[in-house]
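Enquirer: What follows is target.cif, mmCIF, C-alpha atoms.
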```cif
data_coords
#
loop_
_atom_site.label_atom_id
_atom_site.label_comp_id
_atom_site.auth_asym_id
_atom_site.auth_seq_id
_atom_site.Cartn_x
_atom_site.Cartn_y
_atom_site.Cartn_z
CA MET O 1 -50.56 18.36 24.00
CA ALA O 2 -48.26 15.58 22.69
CA MET O 3 -47.04 17.86 19.90
CA ARG O 4 -46.14 20.58 22.38
CA ALA O 5 -44.28 18.11 24.61
CA SER O 6 -42.25 16.72 21.68
CA SER O 7 -41.41 20.27 20.50
CA THR O 8 -40.26 21.19 24.00
CA ALA O 9 -38.17 18.01 24.21
CA ALA O 10 -36.56 18.73 20.83
CA LEU O 11 -35.74 22.32 21.86
CA LEU O 12 -34.30 21.12 25.16
CA ALA O 13 -32.12 18.56 23.33
CA LEU O 14 -30.74 21.26 21.04
CA VAL O 15 -29.96 23.57 23.94
CA LEU O 16 -28.28 20.79 25.93
CA ALA O 17 -26.14 19.86 22.95
CA GLY O 18 -24.88 23.41 22.65
CA CYS O 19 -23.36 24.71 19.50
CA SER O 20 -19.82 24.21 18.31
CA SER O 21 -18.20 24.62 14.96
CA VAL O 22 -14.88 23.46 13.52
CA ASP O 23 -13.79 24.89 10.17
CA VAL O 24 -10.69 23.62 8.35
CA VAL O 25 -9.05 25.05 5.24
CA ARG O 26 -6.12 23.33 3.53
CA LEU O 27 -2.99 25.44 3.07
CA GLN O 28 -0.20 25.07 0.52
CA PRO O 29 3.45 25.19 1.67
CA ASP O 30 4.21 28.25 -0.46
CA GLN O 31 1.39 30.31 1.10
CA LEU O 32 3.08 30.96 4.46
CA HIS O 33 6.48 31.68 5.93
CA LEU O 34 7.11 28.97 8.52
CA PRO O 35 10.09 27.77 10.55
CA LYS O 36 12.59 25.78 8.51
CA GLY O 37 11.65 22.14 8.14
CA MET O 38 7.94 22.64 8.82
CA GLU O 39 5.00 22.65 6.41
CA PRO O 40 1.47 23.91 6.92
CA ILE O 41 -1.39 21.44 6.79
CA ALA O 42 -4.41 23.62 7.43
CA GLY O 43 -5.86 26.68 9.06
CA ILE O 44 -8.33 25.69 11.78
CA GLN O 45 -11.01 27.84 13.38
CA THR O 46 -13.24 26.66 16.22
CA THR O 47 -16.19 28.29 17.95
CA CYS O 48 -18.36 27.11 20.81
CA ILE O 49 -21.46 28.75 22.23
CA GLY O 50 -22.91 27.99 25.63
CA PHE O 51 -26.38 28.98 26.75
CA TYR O 52 -26.89 30.13 30.32
CA LEU O 53 -29.97 30.13 32.49
CA PHE O 54 -29.49 31.65 35.96
CA THR O 55 -25.71 30.98 35.88
CA LEU O 56 -26.19 27.34 34.86
CA GLY O 57 -24.27 26.62 31.65
CA ILE O 58 -26.13 24.35 29.22
CA PRO O 59 -23.31 23.49 28.21
CA GLU O 60 -20.61 25.94 29.17
CA ALA O 61 -18.48 27.66 26.57
CA ASP O 62 -14.93 28.45 27.58
CA LEU O 63 -11.44 28.68 26.15
CA ASP O 64 -10.51 25.19 27.35
CA LYS O 65 -13.24 23.68 25.19
CA ALA O 66 -12.46 25.89 22.17
CA VAL O 67 -8.69 25.30 22.28
CA ASN O 68 -8.15 21.83 23.73
CA GLU O 69 -11.33 19.90 22.99
CA LEU O 70 -11.98 21.31 19.52
CA LEU O 71 -8.91 22.91 17.89
CA MET O 72 -6.12 20.66 19.19
CA LYS O 73 -8.11 17.46 18.66
CA GLU O 74 -8.88 18.48 15.07
CA ALA O 75 -5.21 19.33 14.45
CA LYS O 76 -4.11 15.90 15.67
CA ARG O 77 -6.88 14.23 13.65
CA ILE O 78 -5.57 15.72 10.39
CA GLY O 79 -1.97 14.75 11.18
CA ALA O 80 -0.50 17.94 12.63
CA GLU O 81 2.30 17.87 15.14
CA LYS O 82 1.81 21.44 16.41
CA VAL O 83 -0.40 24.50 16.05
CA ILE O 84 1.29 27.85 15.55
CA ASP O 85 -0.03 31.41 15.48
CA LEU O 86 -2.66 30.34 18.01
CA ARG O 87 -5.23 33.04 18.75
CA PHE O 88 -8.35 32.91 20.90
CA ASP O 89 -11.20 35.03 22.17
CA ALA O 90 -13.97 34.51 24.72
CA THR O 91 -16.79 36.37 26.34
CA PRO O 92 -15.32 37.77 29.58
CA SER O 93 -16.66 36.33 32.84
CA HIS O 94 -16.10 39.31 35.14
CA GLY O 95 -17.58 42.77 35.52
CA LEU O 96 -20.79 43.55 33.64
CA TRP O 97 -20.19 40.54 31.42
CA TRP O 98 -21.16 38.34 34.38
CA LEU O 99 -24.77 39.29 33.58
CA THR O 100 -24.58 37.12 30.45
CA LYS O 101 -24.52 34.14 32.79
CA ILE O 102 -27.95 35.01 34.22
CA LEU O 103 -29.86 34.75 30.97
CA GLY O 104 -28.02 34.64 27.71
CA PHE O 105 -25.11 33.00 25.99
CA ARG O 106 -21.34 33.10 25.99
CA MET O 107 -18.96 32.32 23.17
CA ALA O 108 -15.35 31.17 22.87
CA SER O 109 -13.29 30.93 19.67
CA ALA O 110 -9.80 29.74 18.81
CA TRP O 111 -7.86 29.61 15.55
CA GLY O 112 -4.40 28.70 14.38
CA ILE O 113 -2.27 27.00 11.74
CA ALA O 114 -1.69 23.26 12.01
CA ILE O 115 1.85 22.26 10.96
CA ARG O 116 4.00 19.14 10.67
CA PRO O 117 7.63 18.43 9.76
CA GLU O 118 8.34 18.49 6.03
CA PRO O 119 8.71 15.04 4.52
CA ALA O 120 12.32 14.04 3.86
CA VAL O 121 13.48 14.90 0.36
CA ASP O 122 15.44 12.19 -1.42
CA ASP O 123 18.98 13.29 -2.28
CA PRO O 124 19.77 12.20 -5.86
CA GLY O 125 23.48 11.83 -4.97
CA ALA O 126 22.85 9.62 -1.96
CA PRO O 127 23.53 5.89 -2.25
CA PRO O 128 20.46 3.69 -2.56
CA PRO O 129 19.14 2.17 0.64
CA PRO O 130 20.18 -1.40 1.42
CA PRO O 131 17.78 -4.12 0.31
CA PRO O 132 15.26 -5.20 2.94
CA LEU O 133 16.15 -8.15 5.13
CA PRO O 134 14.21 -11.36 4.57
CA THR O 135 11.30 -11.64 6.94
CA SER O 136 10.86 -15.41 6.89
CA ALA O 137 13.16 -18.33 7.60
CA PRO O 138 14.90 -19.82 4.56
CA ALA O 139 13.18 -22.76 2.91
CA SER O 140 14.47 -26.19 3.93
CA ARG O 141 16.88 -27.86 1.52
CA PRO O 142 16.14 -31.20 -0.07
CA ALA O 143 18.01 -34.16 1.37
CA GLY O 144 21.48 -34.59 -0.05
CA ALA O 145 21.81 -30.92 -1.18
CA LYS O 146 24.90 -29.05 -0.08
#
```
Please render this file's structure as structure tokens.
Expert:
Amino acid sequence: MAMRASSTAALLALVLAGCSSVDVVRLQPDQLHLPKGMEPIAGIQTTCIGFYLFTLGIPEADLDKAVNELLMKEAKRIGAEKVIDLRFDATPSHGLWWLTKILGFRMASAWGIAIRPEPAVDDPGAPPPPPPLPTSAPASRPAGAK
């Protein structure tokens, strides 16, 4: 009896946690044609699956979670400023697809390319930058020094 209860509790914990996936692949600047001054960091793909029991999502899977909670957060985490070529897909919620909310699962996915501005390139002909300013007060002079 205790074994069955612990198995049921473990299964319930897995279902309540839902399933989500974030996949990241690094991209090289010469692999894509991007707007001038931008460089690719990575391609990101996210997927979330929600299980439904009599229209109750355990947890729900929708585009907001796939795009904002998974993809955009991962892009910011790896240092991206923007995501371009954003694409997404989700199980529809109207028509016959509504039946998936009675007993089944729904899925939402999003993918795009995380980009950031290119780092500044040093110009060999440019003058060197000025030396840094001292950060501490000058040392006191001994008595009698001018």
Enquirer: Using all atoms listed in the file, which residues sit within 10 Å of Ile78 in chain O once same-chain residues fewer than 2 positions away are excluded, as a list in words?
Expert: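 Once the adjacent positions are removed, what remains is Val24, Ile41, Ala42, Lys73, Glu74, Ala75, Lys76, Ala80, Glu81, Ala114 and Ile115 of chain O.
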Enquirer: Please compute the CA of Val67 in chain O-CA of Arg26 in chain O distance, one decimal, in Å.
Expert: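 About the pair CA of Val67 in chain O and CA of Arg26 in chain O: they are 19.0 Å apart.
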Enquirer: Can you tell me, as a PyMOL selection string, which residues sit within 7 Å of (-12.7, 28.8, 23.8) in the file's frame, using all atoms listed in the file?
Expert: chain O and resi 47-48+61-67+88-90+108-110
Enquirer: Provide the CA of His33 in chain O to CA of Pro117 in chain O distance in Å, to one decimal place.
Expert: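 Separation between CA of His33 in chain O and CA of Pro117 in chain O: 13.8 Å.
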Enquirer: So the first atom is CA of Thr46 in chain O and the second is CA of Glu60 in chain O; what is the distance between them in Å, to one decimal place?
Expert: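 Spanning CA of Thr46 in chain O to CA of Glu60 in chain O is a straight-line distance of 14.9 Å.
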Enquirer: Nearest residue to Leu103 in chain O out of O:Val83, O:Leu70, O:Val22, O:Leu53, using all atoms listed in the file?
Expert: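 Residue with the minimum atom-to-atom distance to Leu103 in chain O: O:Leu53.
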Enquirer: So that I can check the surroundings of Gly37 in chain O, please list as a PyMOL selection string every protein, DNA and RNA residue that reaches within 9 Å of it, counting all atoms listed in the file and ignoring chain neighbours fewer than 6 positions away.
Expert: chain O and resi 116-119
